[in-house]
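Shown below: protein_20.txt, with compact mmCIF, C-alpha atoms.
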```txt
# COMPACT_ATOMS: atom_id res chain seq x y z
CA MET J 196 5.43 2.45 -3.87
CA ILE J 197 4.31 5.50 -5.85
CA ILE J 198 1.87 7.82 -4.05
CA HIS J 199 -0.68 9.57 -6.26
CA LYS J 200 -2.50 12.65 -4.96
CA ASN J 201 -3.87 13.36 -8.45
CA ILE J 202 -5.21 10.82 -10.95
CA ASP J 203 -5.70 13.02 -14.03
CA ASN J 204 -2.71 11.40 -15.73
CA PHE J 205 -2.83 8.00 -14.05
CA ASN J 206 -1.12 5.49 -16.34
CA VAL J 207 -0.70 1.99 -14.91
CA THR J 208 -0.53 -1.38 -16.65
CA ASN J 209 -3.49 -3.66 -15.88
CA PRO J 210 -4.29 -2.08 -12.51
CA VAL J 211 -5.61 -4.45 -9.85
CA ILE J 212 -7.36 -2.26 -7.29
CA THR J 213 -8.65 -2.42 -3.76
CA ILE J 214 -10.32 0.40 -1.81
CA GLY J 215 -10.60 1.32 1.85
CA THR J 216 -9.50 3.46 4.75
CA PHE J 217 -6.96 0.80 5.83
CA ASP J 218 -6.79 2.26 9.33
CA GLY J 219 -3.94 0.49 11.12
CA VAL J 220 -2.87 -1.59 8.10
CA HIS J 221 -3.57 -4.65 10.27
CA LEU J 222 -3.44 -8.39 9.59
CA GLY J 223 -6.86 -8.36 7.93
CA HIS J 224 -5.75 -5.60 5.58
CA ARG J 225 -2.54 -7.45 4.82
CA SER J 226 -4.45 -10.54 3.69
CA VAL J 227 -6.30 -8.31 1.20
CA ILE J 228 -3.02 -6.75 0.09
CA ASP J 229 -1.37 -10.16 -0.37
CA LYS J 230 -4.25 -11.24 -2.60
CA LEU J 231 -4.04 -7.94 -4.48
CA LYS J 232 -0.34 -8.42 -5.22
CA LYS J 233 -0.84 -12.05 -6.23
CA LEU J 234 -3.62 -11.16 -8.68
CA ALA J 235 -1.57 -8.31 -10.13
CA LYS J 236 1.31 -10.70 -10.76
CA GLN J 237 -0.99 -13.21 -12.44
CA VAL J 238 -2.20 -10.66 -15.01
CA ASN J 239 1.17 -8.90 -15.43
CA GLY J 240 -0.41 -5.89 -13.81
CA GLU J 241 0.28 -3.48 -10.97
CA SER J 242 -1.26 -3.38 -7.49
CA VAL J 243 -3.19 -0.24 -6.55
CA ILE J 244 -4.71 0.77 -3.21
CA ILE J 245 -7.20 3.64 -3.05
CA THR J 246 -7.69 5.36 0.28
CA PHE J 247 -9.45 8.61 1.16
CA TYR J 248 -8.29 11.82 2.79
CA PRO J 249 -9.59 13.50 4.85
CA HIS J 250 -11.41 10.71 6.65
CA PRO J 251 -15.05 10.64 5.42
CA ARG J 252 -16.41 11.25 8.93
CA ILE J 253 -14.48 14.51 9.15
CA VAL J 254 -15.95 15.80 5.89
CA LEU J 255 -19.46 14.61 6.67
CA ASN J 256 -19.20 15.72 10.31
CA ALA J 257 -20.49 12.31 11.33
CA ASP J 258 -19.71 11.78 15.04
CA VAL J 259 -16.33 13.36 14.34
CA GLU J 260 -15.75 14.27 18.01
CA ASN J 261 -15.40 10.53 18.70
CA LEU J 262 -13.15 9.84 15.73
CA SER J 263 -9.85 8.19 16.71
CA LEU J 264 -7.54 6.60 14.16
CA VAL J 265 -4.95 3.89 14.70
CA THR J 266 -2.83 5.50 11.98
CA CYS J 267 -2.79 9.00 10.54
CA LEU J 268 -2.19 9.43 6.80
CA GLU J 269 1.60 9.71 6.98
CA GLU J 270 1.81 6.59 9.16
CA LYS J 271 -0.53 4.70 6.85
CA GLU J 272 1.60 5.61 3.85
CA GLU J 273 4.70 4.36 5.67
CA LEU J 274 3.07 1.03 6.58
CA LEU J 275 1.56 0.46 3.14
CA ALA J 276 4.93 1.11 1.50
CA GLN J 277 6.35 -1.74 3.60
CA THR J 278 3.81 -4.19 2.14
CA GLY J 279 5.34 -3.96 -1.33
CA ILE J 280 2.35 -2.62 -3.25
CA ASP J 281 3.03 -0.65 -6.42
CA HIS J 282 0.71 2.36 -6.10
CA LEU J 283 -1.24 4.23 -3.43
CA VAL J 284 -3.94 6.66 -4.57
CA VAL J 285 -4.86 9.18 -1.87
CA PHE J 286 -8.24 10.31 -3.16
CA PRO J 287 -9.60 13.65 -1.89
CA PHE J 288 -12.85 13.00 -0.04
CA THR J 289 -15.31 15.87 -0.43
CA LYS J 290 -19.03 16.33 0.17
CA GLU J 291 -19.53 16.37 -3.59
CA PHE J 292 -17.70 13.06 -3.92
CA SER J 293 -19.78 11.58 -1.08
CA ASN J 294 -22.90 12.01 -3.22
CA LEU J 295 -21.47 9.94 -6.08
CA SER J 296 -23.33 6.66 -6.50
CA TYR J 297 -21.36 3.42 -6.52
CA THR J 298 -22.25 3.01 -10.20
CA ASN J 299 -20.81 6.40 -11.10
CA PHE J 300 -17.80 5.80 -8.88
CA VAL J 301 -17.00 2.59 -10.75
CA GLU J 302 -17.67 4.02 -14.20
CA GLU J 303 -16.20 7.51 -13.81
CA ILE J 304 -13.29 6.89 -11.42
CA LEU J 305 -12.28 3.24 -11.37
CA ILE J 306 -12.76 2.62 -15.08
CA GLY J 307 -12.73 6.11 -16.60
CA LYS J 308 -9.74 7.48 -14.69
CA LEU J 309 -7.85 4.41 -13.47
CA ASN J 310 -8.62 1.89 -16.25
CA MET J 311 -9.30 -0.83 -13.65
CA LYS J 312 -8.96 -4.47 -14.75
CA SER J 313 -9.60 -6.23 -11.41
CA LEU J 314 -11.18 -5.22 -8.10
CA VAL J 315 -10.45 -6.90 -4.77
CA ILE J 316 -12.86 -6.20 -1.90
CA GLY J 317 -13.24 -7.36 1.70
CA TYR J 318 -16.06 -9.60 2.77
CA ASP J 319 -18.21 -6.72 4.06
CA HIS J 320 -17.02 -3.85 1.87
CA ARG J 321 -19.55 -1.26 0.73
CA PHE J 322 -18.98 2.04 -1.06
CA GLY J 323 -20.62 4.83 -3.00
CA LYS J 324 -23.29 7.23 -1.72
CA ASN J 325 -24.64 6.02 1.64
CA ARG J 326 -22.39 2.96 1.20
CA GLU J 327 -25.02 1.43 -1.06
CA GLY J 328 -22.74 -0.65 -3.29
CA ASN J 329 -21.82 -4.16 -2.17
CA TYR J 330 -20.39 -7.27 -3.85
CA GLU J 331 -23.70 -8.40 -5.35
CA ASP J 332 -24.38 -4.91 -6.72
CA LEU J 333 -20.97 -4.83 -8.39
CA LEU J 334 -21.35 -8.14 -10.25
CA PRO J 335 -23.50 -6.73 -13.11
CA LEU J 336 -21.09 -3.79 -13.48
CA ALA J 337 -18.14 -6.19 -13.66
CA LYS J 338 -19.85 -8.11 -16.44
CA SER J 339 -20.91 -5.07 -18.48
CA HIS J 340 -17.54 -3.28 -18.12
CA ASN J 341 -15.36 -6.38 -18.40
CA PHE J 342 -13.46 -6.27 -15.13
CA ASN J 343 -12.81 -9.05 -12.66
CA ILE J 344 -14.06 -8.84 -9.06
CA VAL J 345 -12.77 -10.89 -6.13
CA ARG J 346 -14.30 -10.96 -2.65
CA LEU J 347 -12.22 -12.06 0.35
CA GLU J 348 -13.56 -13.64 3.49
CA ALA J 349 -12.85 -12.26 6.96
CA LEU J 350 -9.50 -13.16 8.49
CA ASN J 351 -9.95 -15.01 11.77
CA MET J 352 -7.57 -15.13 14.72
CA ASN J 353 -8.80 -17.52 17.40
CA GLU J 354 -12.27 -17.29 15.84
CA ILE J 355 -12.34 -13.47 16.09
CA ASN J 356 -12.55 -11.42 12.94
CA ILE J 357 -9.78 -8.85 12.87
CA SER J 358 -10.98 -5.31 12.33
CA SER J 359 -9.83 -1.77 12.97
CA THR J 360 -12.71 -1.38 15.44
CA LYS J 361 -11.51 -4.32 17.55
CA ILE J 362 -7.97 -2.94 17.54
CA ARG J 363 -9.23 0.48 18.63
CA ASN J 364 -11.24 -1.13 21.43
CA ALA J 365 -8.18 -3.06 22.63
CA LEU J 366 -6.17 0.17 22.70
CA TYR J 367 -8.92 2.02 24.58
CA GLU J 368 -8.78 -0.77 27.19
CA GLY J 369 -4.99 -0.60 27.38
CA ASN J 370 -4.67 -4.16 26.04
CA ILE J 371 -1.63 -3.31 23.97
CA LYS J 372 -0.52 -6.93 23.52
CA LEU J 373 -3.83 -7.88 21.94
CA ALA J 374 -3.78 -4.81 19.69
CA ASN J 375 -0.22 -5.59 18.60
CA SER J 376 -1.14 -9.19 17.79
CA TYR J 377 -3.91 -7.96 15.49
CA LEU J 378 -1.66 -5.35 13.90
CA ALA J 379 1.33 -7.71 13.41
CA TYR J 380 3.55 -4.84 14.53
CA ASN J 381 3.82 -2.71 17.66
CA PHE J 382 1.34 0.16 17.87
CA PHE J 383 3.25 3.43 17.84
CA LEU J 384 2.94 7.13 18.56
CA LYS J 385 4.97 9.70 16.61
CA GLY J 386 5.36 13.32 17.55
CA VAL J 387 7.58 16.25 18.49
CA VAL J 388 9.18 16.78 21.90
CA VAL J 389 7.84 19.92 23.61
CA LYS J 390 8.76 21.60 26.90
CA GLY J 391 7.07 20.33 30.07
CA ASN J 392 7.21 21.43 33.70
CA ARG J 393 10.49 19.54 34.34
CA ILE J 394 9.19 17.93 37.56
CA GLY J 395 10.63 14.63 36.32
CA HIS J 396 14.14 16.11 36.38
CA THR J 397 13.79 17.02 40.06
CA ILE J 398 12.99 13.44 41.09
CA GLY J 399 15.55 11.74 38.84
CA PHE J 400 13.19 10.68 36.04
CA PRO J 401 13.41 13.31 33.28
CA THR J 402 10.77 12.91 30.62
CA ALA J 403 10.29 13.99 27.03
CA ASN J 404 6.79 15.36 26.50
CA LEU J 405 5.36 14.33 23.15
CA HIS J 406 3.01 16.44 21.05
CA LEU J 407 1.11 14.49 18.39
CA PRO J 408 0.62 16.37 15.10
CA ASP J 409 -2.73 14.74 14.27
CA ASN J 410 -5.73 15.51 16.50
CA TYR J 411 -7.44 12.27 15.44
CA LYS J 412 -4.59 9.93 16.38
CA LEU J 413 -5.80 7.38 18.93
CA VAL J 414 -4.04 7.57 22.30
CA PRO J 415 -4.44 4.37 24.37
CA GLN J 416 -5.84 4.12 27.87
CA ASN J 417 -4.04 6.07 30.58
CA GLY J 418 -1.27 4.20 32.33
CA VAL J 419 2.40 3.28 32.24
CA TYR J 420 3.80 1.39 29.26
CA ALA J 421 7.06 -0.27 28.30
CA VAL J 422 8.19 1.34 25.04
CA ARG J 423 10.93 1.35 22.45
CA VAL J 424 11.99 4.89 21.65
CA HIS J 425 13.25 5.75 18.17
CA HIS J 426 15.35 8.91 18.03
CA LYS J 427 17.18 9.65 14.79
CA ASN J 428 18.88 6.35 13.91
CA SER J 429 19.00 4.91 17.43
CA VAL J 430 16.55 2.85 19.48
CA TYR J 431 16.30 3.03 23.28
CA GLN J 432 14.21 1.41 25.99
CA GLY J 433 11.92 3.53 28.08
CA MET J 434 8.72 3.87 30.07
CA LEU J 435 5.82 5.95 28.90
CA ASN J 436 3.17 7.63 31.02
CA ILE J 437 -0.13 8.54 29.41
CA GLY J 438 -2.48 10.46 31.65
CA VAL J 439 -3.19 13.53 33.74
CA ARG J 440 -0.33 13.23 36.29
CA PRO J 441 -2.64 13.43 39.34
CA THR J 442 0.23 13.51 41.87
CA ILE J 443 1.74 16.60 40.22
CA GLU J 444 -1.13 18.40 38.54
CA GLY J 445 -3.84 18.07 41.17
CA LYS J 446 -7.05 19.26 39.56
CA ASN J 447 -5.46 20.29 36.27
CA LEU J 448 -6.63 17.30 34.25
CA MET J 449 -4.76 17.97 31.02
CA ARG J 450 -3.73 14.69 29.41
CA THR J 451 -0.04 14.31 28.58
CA ILE J 452 2.20 11.79 26.82
CA GLU J 453 5.65 11.70 28.41
CA VAL J 454 8.46 9.19 28.13
CA ASN J 455 11.45 8.51 30.35
CA ILE J 456 14.21 7.23 28.07
CA PHE J 457 16.61 4.83 29.77
CA ASP J 458 20.37 5.48 29.64
CA PHE J 459 19.86 8.68 27.69
CA ASP J 460 20.99 12.24 28.36
CA GLN J 461 20.43 14.57 25.41
CA ASP J 462 18.57 17.82 24.79
CA ILE J 463 15.88 16.75 22.33
CA TYR J 464 13.39 19.62 22.41
CA ASN J 465 11.74 19.98 18.98
CA HIS J 466 13.10 16.58 17.93
CA ASP J 467 10.90 13.86 16.43
CA LEU J 468 10.32 10.66 18.43
CA LYS J 469 8.59 7.41 17.62
CA LEU J 470 7.36 5.32 20.55
CA GLU J 471 6.57 1.62 20.05
CA LEU J 472 4.24 0.44 22.82
CA ILE J 473 5.22 -3.05 24.00
CA ASP J 474 3.20 -3.68 27.16
CA ARG J 475 1.09 -1.83 29.75
CA ILE J 476 2.47 -2.36 33.24
CA ARG J 477 0.00 -0.47 35.44
CA SER J 478 -2.76 2.12 35.69
CA GLU J 479 -2.06 5.75 36.50
CA LYS J 480 -2.20 6.44 40.23
CA LYS J 481 -2.19 9.43 42.56
CA PHE J 482 0.54 9.22 45.21
CA ASP J 483 0.67 10.95 48.60
CA SER J 484 3.98 12.62 47.83
CA LEU J 485 6.69 13.01 45.23
CA ASP J 486 8.82 10.59 47.26
CA HIS J 487 6.18 7.88 46.90
CA LEU J 488 5.93 8.64 43.20
CA LYS J 489 9.71 8.41 42.88
CA LYS J 490 9.73 4.98 44.56
CA GLN J 491 7.00 3.75 42.22
CA LEU J 492 8.95 5.01 39.20
CA HIS J 493 11.99 3.04 40.36
CA ASP J 494 9.80 -0.07 40.57
CA ASP J 495 8.33 0.69 37.14
CA GLU J 496 11.79 0.98 35.63
CA LEU J 497 12.78 -2.40 37.01
CA THR J 498 9.56 -3.92 35.61
CA VAL J 499 10.13 -2.44 32.16
CA ARG J 500 13.80 -3.46 32.06
CA LYS J 501 12.75 -7.01 32.99
CA ILE J 502 10.21 -7.06 30.12
CA PHE J 503 12.93 -6.16 27.64
CA SER J 504 15.40 -8.58 29.24
CA ASN J 505 12.89 -11.43 28.93
CA GLN J 506 12.23 -10.53 25.30
CA ALA J 507 15.96 -10.59 24.54
CA SER J 508 16.37 -14.04 26.09
CA GLN J 509 13.50 -15.63 24.16
```

Serialized structure, structure tokens:
Amino acid sequence: MIIHKNIDNFNVTNPVITIGTFDGVHLGHRSVIDKLKKLAKQVNGESVIITFYPHPRIVLNADVENLSLVTCLEEKEELLAQTGIDHLVVFPFTKEFSNLSYTNFVEEILIGKLNMKSLVIGYDHRFGKNREGNYEDLLPLAKSHNFNIVRLEALNMNEINISSTKIRNALYEGNIKLANSYLAYNFFLKGVVVKGNRIGHTIGFPTANLHLPDNYKLVPQNGVYAVRVHHKNSVYQGMLNIGVRPTIEGKNLMRTIEVNIFDFDQDIYNHDLKLELIDRIRSEKKFDSLDHLKKQLHDDELTVRKIFSNQASQ
């Protein structure tokens, strides 16, 4: 996949294009991408996805304090590359661009800059200023500018349309299994290990504290999770705590992301980690003492190891 941050010299054979934020690159997105690739092959063309950066809500300051994304840009690029598309255009979203009508967007950008031959859109896709352009609006443009337009229906799983919003809601509720089923991969957090207060070391459960580089990355509901931990070229099992550590911190309600990596003893400060969330095993609790916390952590470890053991035997 070729990533384009500039389209001034965009030169692609018979580009078949789709547009969207593609947050999460979930099963619904993948059905659009599969259709995109199939159409491109039929016309001896190349598949092109257009996404926007920064997120439009950030630029327009539209409820941005509540903005949480399943995937940041780097993660999205990684996931889209795995789908086998030919090109990803990361289009700079500005206030000036937000005022462009859907007609001008099609004529000036999609046709004028990208030489679009076919456009694939989701069942409810709208774009242009105030999201005014929909499928019916685009039909006359397709006829006058000689490009093909294909609309896809919603992808259903057990009669529920898959959407980024539903995945976000599942993550907010801590329903990681449901979110993963919609994503078709395990939701993950990527970040850098930073120094913590080392309380975990004193009770036999040392943790790596993760700092996420993107402020808008969604962090699931507080609790304890079974995770796979990717460090360099190795994968480990572990248990992740997301929360405010009420037993240790008292009234200091700063949220942390910390993982205890099983069968692991390395200094990894400033190292990159990727955590795949497999299952949520319990809510965060406040314990009467560190001894009670330590006993619970032993129980948690047994629970998490059993989850991975059951997976291996299936």

Long-range neighbours of Ile394 in chain J as an MDAnalysis selection string, 12 Å cut-off, all atoms listed in the file, 2 positions minimum in chain:
chainID J and resid 390:392 396:404 440 442:444 453 485 488:489

Would you pick out the contacts of His282 in chain J at 7 Å or less, using only C-alpha atoms, so that residues sharing its chain but fewer than 2 positions from it are not included, and give the list as a PDB file with C-alpha atoms, in the coordinates of the input?
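Final output, saved to result.pdb:
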```pdb
ATOM      1  CA  MET J 196       5.430   2.450  -3.870  1.00  0.00           C
ATOM      2  CA  ILE J 197       4.310   5.500  -5.850  1.00  0.00           C
ATOM      3  CA  ILE J 198       1.870   7.820  -4.050  1.00  0.00           C
ATOM      4  CA  SER J 242      -1.260  -3.380  -7.490  1.00  0.00           C
ATOM      5  CA  VAL J 243      -3.190  -0.240  -6.550  1.00  0.00           C
ATOM      6  CA  ILE J 244      -4.710   0.770  -3.210  1.00  0.00           C
ATOM      7  CA  ILE J 280       2.350  -2.620  -3.250  1.00  0.00           C
ATOM      8  CA  VAL J 284      -3.940   6.660  -4.570  1.00  0.00           C
TER       9      VAL J 284
END
```

Which value, in Å to one decimal, gives the distance between CA of Gly369 in chain J and CA of Asp474 in chain J?
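Interatomic distance, CA of Gly369 in chain J to CA of Asp474 in chain J: 8.8 Å.
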
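Residues lying within 8 Å of Lys271 in chain J, counting all atoms listed in the file and ignoring same-chain neighbours fewer than 2 positions away, are Phe217, Asp218, Gly219, Val220, Thr266, Cys267, Leu268, Glu269, Glu273, Leu274 and Leu275 of chain J.
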
Mind writing the picked residues with C-alpha atoms as a CSV table (one decimal), in the coordinates of the input?
```
chain,number,residue,atom,x,y,z
J,217,PHE,CA,-7.0,0.8,5.8
J,218,ASP,CA,-6.8,2.3,9.3
J,219,GLY,CA,-3.9,0.5,11.1
J,220,VAL,CA,-2.9,-1.6,8.1
J,266,THR,CA,-2.8,5.5,12.0
J,267,CYS,CA,-2.8,9.0,10.5
J,268,LEU,CA,-2.2,9.4,6.8
J,269,GLU,CA,1.6,9.7,7.0
J,273,GLU,CA,4.7,4.4,5.7
J,274,LEU,CA,3.1,1.0,6.6
J,275,LEU,CA,1.6,0.5,3.1
```

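As for CA of Ile245 in chain J and CA of Leu472 in chain J, they are spaced 28.5 Å apart.
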
Which one of J:Ser429, J:Ser359, J:Leu314, J:Glu302 sits closest to His340 in chain J if you count only C-alpha atoms?
J:Glu302

Have a look at CA of Ala379 in chain J and CA of Arg225 in chain J and let me know their distance in Å, one decimal.
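Interatomic distance, CA of Ala379 in chain J to CA of Arg225 in chain J: 9.4 Å.
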
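The nearest approach to Val211 in chain J among the residues J:Asp258, J:Met311, J:Phe247, J:His224, with all atoms listed in the file taken into account, belongs to J:Met311.
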
If you count all atoms listed in the file, which residues fall within 9 Å of range 412-418 of chain J, apart from same-chain ones fewer than 4 positions away, as an MDAnalysis selection string?
chainID J and resid 262:267 363 365:371 384 407:408 435:439 450 452 475:480

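The list of residues with at least one atom within 7 Å of Lys385 in chain J, based on all atoms listed in the file and without residues fewer than 3 positions apart in the same chain, reads Leu407, Leu468, Lys469 and Leu470 of chain J.
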
Nearest to Tyr380 in chain J, restricted to all atoms listed in the file and choosing among J:Ile473, J:Asn455, J:Glu241, J:Glu272, comes out as J:Ile473

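Shortest separation to Phe382 in chain J among J:Leu334, J:Glu496, J:Val422, J:Lys232 occurs at residue J:Val422, atoms counted being all atoms listed in the file.
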
Using all atoms listed in the file, which residue out of J:Ile228, J:Pro210, J:Lys481, J:Gly386 lies closest to Asn410 in chain J?
J:Gly386

So, counting all atoms listed in the file, which residue among J:Met434, J:Ala337, J:Leu231, J:Val389 is closest to His493 in chain J?
J:Met434
